[in-house]
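These notes are about the structure you will find just below.
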Amino acid sequence: MSKGFFITFEGGEGAGKSTQIRRLAERLKALGHPVVLTREPGGSPGAEAIRDIVLNGPPERWSAVTETLLMYASRRDHIERVIRPALDAGKVVLCDRFADSTRAYQGAGGQVDTRLIDTLEATVLEGVHPDLTLILDLPVEEGLSRALSRGGGEDRFEAKGAAFHERLRQAFLEIARNEPDRCVVLRADRPPEDVEADIRAAVEPRLERVHG
Ligand code: TMP
């Protein structure tokens with residue numbers, strides 16, 4: 001049984017996850033919690049190597065099934081080397097994306113058979129599931145234009161077109177409807193301070209209950 005607390009951030013492109021997750025990490029550290037901040041794909045040296053090959057190159061470089069397998073290969077390494085040891089040590093793990101991203105991007109966006117994703121979730125995660133998932137939701141057009149204005153060019157997923165991104169937006173909302181105890185949806189088309197306040201209000205009481 002892990003003693004830690006596992007929080008994931010999810011959402012489409014340009015929703016401001018990276019800013020919000022950094023702010024939450026600072027806040028929780030200030031409150032005295034031991035925090036590990038990490039991301040997917042990536043988060044361990046092996047998983048970061050997979051991140052480089054899966055995100056870069058032309059959109060059609062990998063089929064959606066191959067992407068699913070690469071995401072799960074990187075996720076397994078990340079769990080073994082970073083997430084599970086941190087949870088076993090009683091830490092609060094904040095992860096920028098996790099398994100819901102595979103359901104949304106490869107499942108809904110890439111139309112990979114749900115049975116493959118169900119099987120990978122059941123066998124590869126070995127019981128490592130988020131205690132809380134914060135889904136930052138915003139209209140697709142706004143997210144994609146925010147992501148582009150960050151500079152650095154489009155990655156393979158940003159280049160996939162509005163219909164793909166609309167499918168994955170709806171998939172995140174459906175995950176939240178199916179698992180209301182785990183998931184909190186936050187509108188991200190608001191000032192970052194307002195989103196941050198809602199994130200604190202969702203996280204702090206839940207953490208109090210387990211970490212005191
Ligand atoms: P980021 O832009 O939030 O760093 O995420 C990297 C990209 O990887 C983003 O476009 C979403 C994509 N992704 C998937 O397609 N499937 C996954 O399972 C994960 C974790 C990320």
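Letters for chains follow the order of the structure tokens (A, B, ...), residue numbers begin at 1 for each chain, and ligand numbers begin at 1 in the order shown.
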
I need the residues of region 19-207 of chain A that end up classed as strand (DSSP E or B) by DSSP on the backbone, written out as a PyMOL selection string. chain A and resi 35-39+92-96+132-137+183-187

Dump as a PDB file, in the first residue's frame, selection limited to N, CA, C and O atoms:
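Okay, this is what ended up in out.pdb:
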```
ATOM      1  N   VAL A  35       7.236  17.070  -1.954  1.00  0.00           N
ATOM      2  CA  VAL A  35       6.612  17.067  -3.281  1.00  0.00           C
ATOM      3  C   VAL A  35       7.590  16.567  -4.342  1.00  0.00           C
ATOM      4  O   VAL A  35       8.760  16.946  -4.340  1.00  0.00           O
ATOM      5  N   VAL A  36       7.100  15.731  -5.247  1.00  0.00           N
ATOM      6  CA  VAL A  36       7.860  15.359  -6.446  1.00  0.00           C
ATOM      7  C   VAL A  36       7.054  15.857  -7.641  1.00  0.00           C
ATOM      8  O   VAL A  36       5.878  15.517  -7.783  1.00  0.00           O
ATOM      9  N   LEU A  37       7.705  16.695  -8.473  1.00  0.00           N
ATOM     10  CA  LEU A  37       7.042  17.255  -9.660  1.00  0.00           C
ATOM     11  C   LEU A  37       7.601  16.535 -10.877  1.00  0.00           C
ATOM     12  O   LEU A  37       8.818  16.516 -11.081  1.00  0.00           O
ATOM     13  N   THR A  38       6.726  15.946 -11.682  1.00  0.00           N
ATOM     14  CA  THR A  38       7.224  15.180 -12.823  1.00  0.00           C
ATOM     15  C   THR A  38       6.252  15.293 -13.991  1.00  0.00           C
ATOM     16  O   THR A  38       5.267  16.022 -13.896  1.00  0.00           O
ATOM     17  N   ARG A  39       6.558  14.618 -15.103  1.00  0.00           N
ATOM     18  CA  ARG A  39       5.706  14.786 -16.290  1.00  0.00           C
ATOM     19  C   ARG A  39       5.720  13.537 -17.144  1.00  0.00           C
ATOM     20  O   ARG A  39       6.609  12.692 -17.045  1.00  0.00           O
ATOM     21  N   VAL A  92       4.036  13.524  -2.036  1.00  0.00           N
ATOM     22  CA  VAL A  92       2.960  13.962  -2.920  1.00  0.00           C
ATOM     23  C   VAL A  92       3.558  14.042  -4.319  1.00  0.00           C
ATOM     24  O   VAL A  92       4.504  14.802  -4.554  1.00  0.00           O
ATOM     25  N   VAL A  93       3.043  13.232  -5.237  1.00  0.00           N
ATOM     26  CA  VAL A  93       3.555  13.230  -6.609  1.00  0.00           C
ATOM     27  C   VAL A  93       2.603  14.038  -7.483  1.00  0.00           C
ATOM     28  O   VAL A  93       1.401  13.743  -7.544  1.00  0.00           O
ATOM     29  N   LEU A  94       3.153  15.067  -8.138  1.00  0.00           N
ATOM     30  CA  LEU A  94       2.376  15.880  -9.081  1.00  0.00           C
ATOM     31  C   LEU A  94       2.869  15.540 -10.471  1.00  0.00           C
ATOM     32  O   LEU A  94       4.051  15.738 -10.781  1.00  0.00           O
ATOM     33  N   CYS A  95       2.004  15.021 -11.311  1.00  0.00           N
ATOM     34  CA  CYS A  95       2.434  14.584 -12.640  1.00  0.00           C
ATOM     35  C   CYS A  95       1.658  15.320 -13.730  1.00  0.00           C
ATOM     36  O   CYS A  95       0.427  15.307 -13.746  1.00  0.00           O
ATOM     37  N   ASP A  96       2.424  15.979 -14.618  1.00  0.00           N
ATOM     38  CA  ASP A  96       1.865  16.694 -15.762  1.00  0.00           C
ATOM     39  C   ASP A  96       1.548  15.648 -16.835  1.00  0.00           C
ATOM     40  O   ASP A  96       2.451  15.181 -17.517  1.00  0.00           O
ATOM     41  N   LEU A 132      -6.229  12.003  -7.364  1.00  0.00           N
ATOM     42  CA  LEU A 132      -6.962  13.196  -7.813  1.00  0.00           C
ATOM     43  C   LEU A 132      -6.442  13.590  -9.192  1.00  0.00           C
ATOM     44  O   LEU A 132      -5.222  13.605  -9.421  1.00  0.00           O
ATOM     45  N   THR A 133      -7.362  13.915 -10.099  1.00  0.00           N
ATOM     46  CA  THR A 133      -6.980  14.373 -11.439  1.00  0.00           C
ATOM     47  C   THR A 133      -7.643  15.716 -11.709  1.00  0.00           C
ATOM     48  O   THR A 133      -8.867  15.846 -11.591  1.00  0.00           O
ATOM     49  N   LEU A 134      -6.814  16.711 -12.039  1.00  0.00           N
ATOM     50  CA  LEU A 134      -7.313  18.052 -12.350  1.00  0.00           C
ATOM     51  C   LEU A 134      -7.295  18.204 -13.866  1.00  0.00           C
ATOM     52  O   LEU A 134      -6.232  18.092 -14.496  1.00  0.00           O
ATOM     53  N   ILE A 135      -8.467  18.408 -14.439  1.00  0.00           N
ATOM     54  CA  ILE A 135      -8.578  18.513 -15.895  1.00  0.00           C
ATOM     55  C   ILE A 135      -8.796  19.980 -16.254  1.00  0.00           C
ATOM     56  O   ILE A 135      -9.809  20.579 -15.873  1.00  0.00           O
ATOM     57  N   LEU A 136      -7.809  20.563 -16.936  1.00  0.00           N
ATOM     58  CA  LEU A 136      -7.920  21.970 -17.354  1.00  0.00           C
ATOM     59  C   LEU A 136      -8.566  22.002 -18.731  1.00  0.00           C
ATOM     60  O   LEU A 136      -7.981  21.522 -19.708  1.00  0.00           O
ATOM     61  N   ASP A 137      -9.764  22.569 -18.772  1.00  0.00           N
ATOM     62  CA  ASP A 137     -10.562  22.507 -19.989  1.00  0.00           C
ATOM     63  C   ASP A 137     -10.645  23.874 -20.645  1.00  0.00           C
ATOM     64  O   ASP A 137     -10.884  24.876 -19.959  1.00  0.00           O
ATOM     65  N   CYS A 183     -11.941  13.014 -10.463  1.00  0.00           N
ATOM     66  CA  CYS A 183     -11.647  14.091 -11.419  1.00  0.00           C
ATOM     67  C   CYS A 183     -12.344  15.405 -11.070  1.00  0.00           C
ATOM     68  O   CYS A 183     -13.512  15.410 -10.694  1.00  0.00           O
ATOM     69  N   VAL A 184     -11.620  16.505 -11.244  1.00  0.00           N
ATOM     70  CA  VAL A 184     -12.196  17.844 -11.109  1.00  0.00           C
ATOM     71  C   VAL A 184     -11.895  18.595 -12.407  1.00  0.00           C
ATOM     72  O   VAL A 184     -10.741  18.661 -12.835  1.00  0.00           O
ATOM     73  N   VAL A 185     -12.945  19.130 -13.047  1.00  0.00           N
ATOM     74  CA  VAL A 185     -12.757  19.896 -14.282  1.00  0.00           C
ATOM     75  C   VAL A 185     -12.699  21.378 -13.938  1.00  0.00           C
ATOM     76  O   VAL A 185     -13.558  21.890 -13.210  1.00  0.00           O
ATOM     77  N   LEU A 186     -11.688  22.070 -14.471  1.00  0.00           N
ATOM     78  CA  LEU A 186     -11.523  23.504 -14.200  1.00  0.00           C
ATOM     79  C   LEU A 186     -11.504  24.245 -15.527  1.00  0.00           C
ATOM     80  O   LEU A 186     -10.740  23.856 -16.439  1.00  0.00           O
ATOM     81  N   ARG A 187     -12.300  25.294 -15.640  1.00  0.00           N
ATOM     82  CA  ARG A 187     -12.260  26.092 -16.867  1.00  0.00           C
ATOM     83  C   ARG A 187     -10.948  26.863 -16.905  1.00  0.00           C
ATOM     84  O   ARG A 187     -10.620  27.611 -15.982  1.00  0.00           O
TER      85      ARG A 187
END
```

Surrounding residues as a VMD selection string, ligand 1, max 9 Å, only C-alpha atoms and all ligand atoms: chain A and resid 10 to 15 17 to 18 39 to 42 51 54 to 55 64 67 to 68 70 to 72 74 to 75 96 to 106 109 to 110 147 155 to 158

With distances taken over only C-alpha atoms, which residue among A:Ala188, A:Ala73, A:Ala25, A:Ala171 lies nearest Val203 (chain A)? A:Ala25

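The residue that comes closest to Leu28 (chain A), out of A:Trp62, A:Phe5, A:Phe172, A:Phe164 and on the basis of only C-alpha atoms, is A:Phe5.
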
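For the choices A:Lys91, A:Glu60, A:Glu80, A:Lys160, the atom-to-atom distance to Pro34 (chain A) is smallest for A:Lys91 when using only C-alpha atoms.
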
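Counting only C-alpha atoms, Pro45 (chain A) has the following residues at most 10 Å away, ignoring those fewer than 2 positions along the same chain: Gly42, Gly43, Ala47, Glu48, Ala49, Ile50, Arg51, Ser74, Asp77, His78 and Arg81 of chain A.
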
Which residues, written as a list in words, have at least one atom at most 12 Å from Glu126 (chain A), with only C-alpha atoms counted and residues fewer than 2 positions away on the same chain left out? Met1, Arg75, Arg76, Ile79, Glu80, Ile83, Arg84, Thr119, Leu120, Glu121, Ala122, Thr123, Val124, Val128 and His129 of chain A

Selection near Arg200 (chain A), 10 Å with only C-alpha atoms, sequence-local residues under 5 positions removed, as a PDB file with all heavy atoms, in the first residue's frame:
```pdb
ATOM      1  N   ARG A  23       3.072  26.085  -9.843  1.00  0.00           N
ATOM      2  CA  ARG A  23       2.558  26.896  -8.730  1.00  0.00           C
ATOM      3  C   ARG A  23       2.053  26.011  -7.597  1.00  0.00           C
ATOM      4  O   ARG A  23       2.265  26.310  -6.427  1.00  0.00           O
ATOM      5  CB  ARG A  23       1.432  27.807  -9.211  1.00  0.00           C
ATOM      6  CG  ARG A  23       1.933  28.913 -10.117  1.00  0.00           C
ATOM      7  CD  ARG A  23       0.813  29.892 -10.399  1.00  0.00           C
ATOM      8  NE  ARG A  23       1.232  30.909 -11.349  1.00  0.00           N
ATOM      9  CZ  ARG A  23       0.493  31.954 -11.685  1.00  0.00           C
ATOM     10  NH1 ARG A  23      -0.703  32.117 -11.152  1.00  0.00           N
ATOM     11  NH2 ARG A  23       0.924  32.834 -12.554  1.00  0.00           N
ATOM     12  N   LEU A  24       1.378  24.922  -7.946  1.00  0.00           N
ATOM     13  CA  LEU A  24       0.873  24.035  -6.898  1.00  0.00           C
ATOM     14  C   LEU A  24       2.040  23.379  -6.154  1.00  0.00           C
ATOM     15  O   LEU A  24       2.000  23.247  -4.916  1.00  0.00           O
ATOM     16  CB  LEU A  24      -0.050  22.961  -7.499  1.00  0.00           C
ATOM     17  CG  LEU A  24      -0.639  21.994  -6.464  1.00  0.00           C
ATOM     18  CD1 LEU A  24      -1.540  22.717  -5.459  1.00  0.00           C
ATOM     19  CD2 LEU A  24      -1.410  20.861  -7.145  1.00  0.00           C
ATOM     20  N   ARG A  27       3.365  25.844  -3.682  1.00  0.00           N
ATOM     21  CA  ARG A  27       2.406  26.013  -2.590  1.00  0.00           C
ATOM     22  C   ARG A  27       2.480  24.838  -1.600  1.00  0.00           C
ATOM     23  O   ARG A  27       2.540  25.024  -0.391  1.00  0.00           O
ATOM     24  CB  ARG A  27       1.001  26.124  -3.195  1.00  0.00           C
ATOM     25  CG  ARG A  27      -0.134  25.991  -2.223  1.00  0.00           C
ATOM     26  CD  ARG A  27      -0.300  27.244  -1.403  1.00  0.00           C
ATOM     27  NE  ARG A  27      -1.454  27.134  -0.513  1.00  0.00           N
ATOM     28  CZ  ARG A  27      -1.723  27.982   0.457  1.00  0.00           C
ATOM     29  NH1 ARG A  27      -0.929  29.003   0.680  1.00  0.00           N
ATOM     30  NH2 ARG A  27      -2.783  27.830   1.218  1.00  0.00           N
ATOM     31  N   LEU A  28       2.479  23.628  -2.139  1.00  0.00           N
ATOM     32  CA  LEU A  28       2.472  22.458  -1.251  1.00  0.00           C
ATOM     33  C   LEU A  28       3.788  22.340  -0.494  1.00  0.00           C
ATOM     34  O   LEU A  28       3.804  21.965   0.681  1.00  0.00           O
ATOM     35  CB  LEU A  28       2.169  21.181  -2.045  1.00  0.00           C
ATOM     36  CG  LEU A  28       0.776  21.129  -2.685  1.00  0.00           C
ATOM     37  CD1 LEU A  28       0.570  19.812  -3.424  1.00  0.00           C
ATOM     38  CD2 LEU A  28      -0.338  21.332  -1.646  1.00  0.00           C
ATOM     39  N   VAL A 195      -7.723  30.206 -11.722  1.00  0.00           N
ATOM     40  CA  VAL A 195      -7.575  28.761 -11.899  1.00  0.00           C
ATOM     41  C   VAL A 195      -6.777  28.202 -10.718  1.00  0.00           C
ATOM     42  O   VAL A 195      -7.128  27.176 -10.127  1.00  0.00           O
ATOM     43  CB  VAL A 195      -6.863  28.445 -13.240  1.00  0.00           C
ATOM     44  CG1 VAL A 195      -6.706  26.937 -13.430  1.00  0.00           C
ATOM     45  CG2 VAL A 195      -7.620  29.056 -14.417  1.00  0.00           C
ATOM     46  N   PRO A 205      -8.040  20.367   0.819  1.00  0.00           N
ATOM     47  CA  PRO A 205      -8.856  19.550   1.736  1.00  0.00           C
ATOM     48  C   PRO A 205      -8.613  18.050   1.553  1.00  0.00           C
ATOM     49  O   PRO A 205      -8.595  17.300   2.529  1.00  0.00           O
ATOM     50  CB  PRO A 205     -10.300  19.896   1.354  1.00  0.00           C
ATOM     51  CG  PRO A 205     -10.245  21.033   0.421  1.00  0.00           C
ATOM     52  CD  PRO A 205      -8.861  21.176  -0.078  1.00  0.00           C
ATOM     53  N   ARG A 206      -8.400  17.618   0.311  1.00  0.00           N
ATOM     54  CA  ARG A 206      -8.165  16.184   0.079  1.00  0.00           C
ATOM     55  C   ARG A 206      -6.839  15.749   0.692  1.00  0.00           C
ATOM     56  O   ARG A 206      -6.731  14.677   1.272  1.00  0.00           O
ATOM     57  CB  ARG A 206      -8.163  15.884  -1.421  1.00  0.00           C
ATOM     58  CG  ARG A 206      -9.553  15.927  -2.050  1.00  0.00           C
ATOM     59  CD  ARG A 206      -9.438  15.728  -3.553  1.00  0.00           C
ATOM     60  NE  ARG A 206     -10.719  15.516  -4.200  1.00  0.00           N
ATOM     61  CZ  ARG A 206     -11.534  16.496  -4.584  1.00  0.00           C
ATOM     62  NH1 ARG A 206     -11.240  17.765  -4.328  1.00  0.00           N
ATOM     63  NH2 ARG A 206     -12.664  16.214  -5.210  1.00  0.00           N
TER      64      ARG A 206
END
```

Could you tell me how far CA of Gly143 (chain A) sits from CA of Pro130 (chain A), in Å to one decimal place? 24.4 Å

Applying 9 Å and only C-alpha atoms, which residues near Gln170 (chain A) remain after dropping the ones on its own chain fewer than 4 positions away? List them as a PyMOL selection string. chain A and resi 104+108+165-166+174-175

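Minimum atom-to-atom distance to Arg115 (chain A), evaluated using only C-alpha atoms, belongs to A:Val65 out of A:Val65, A:Pro85, A:Lys3, A:Glu141.
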
Which of chain A counts as alpha helix (DSSP H) under DSSP, as a PyMOL selection string please? chain A and resi 17-30+45-55+64-78+84-88+99-101+114-124+140-149+162-178+192-211

Minimum-distance residue to Asp181 (chain A), chosen among A:Leu168, A:Gly32, A:Ala202, A:Val112 (using only C-alpha atoms): A:Ala202

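Between CA of Gly90 (chain A) and CA of His211 (chain A) lies a distance of 8.9 Å.
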
Calculate how many Å separate CA of Glu196 (chain A) from CA of Leu125 (chain A), rounding to one decimal. 28.9 Å
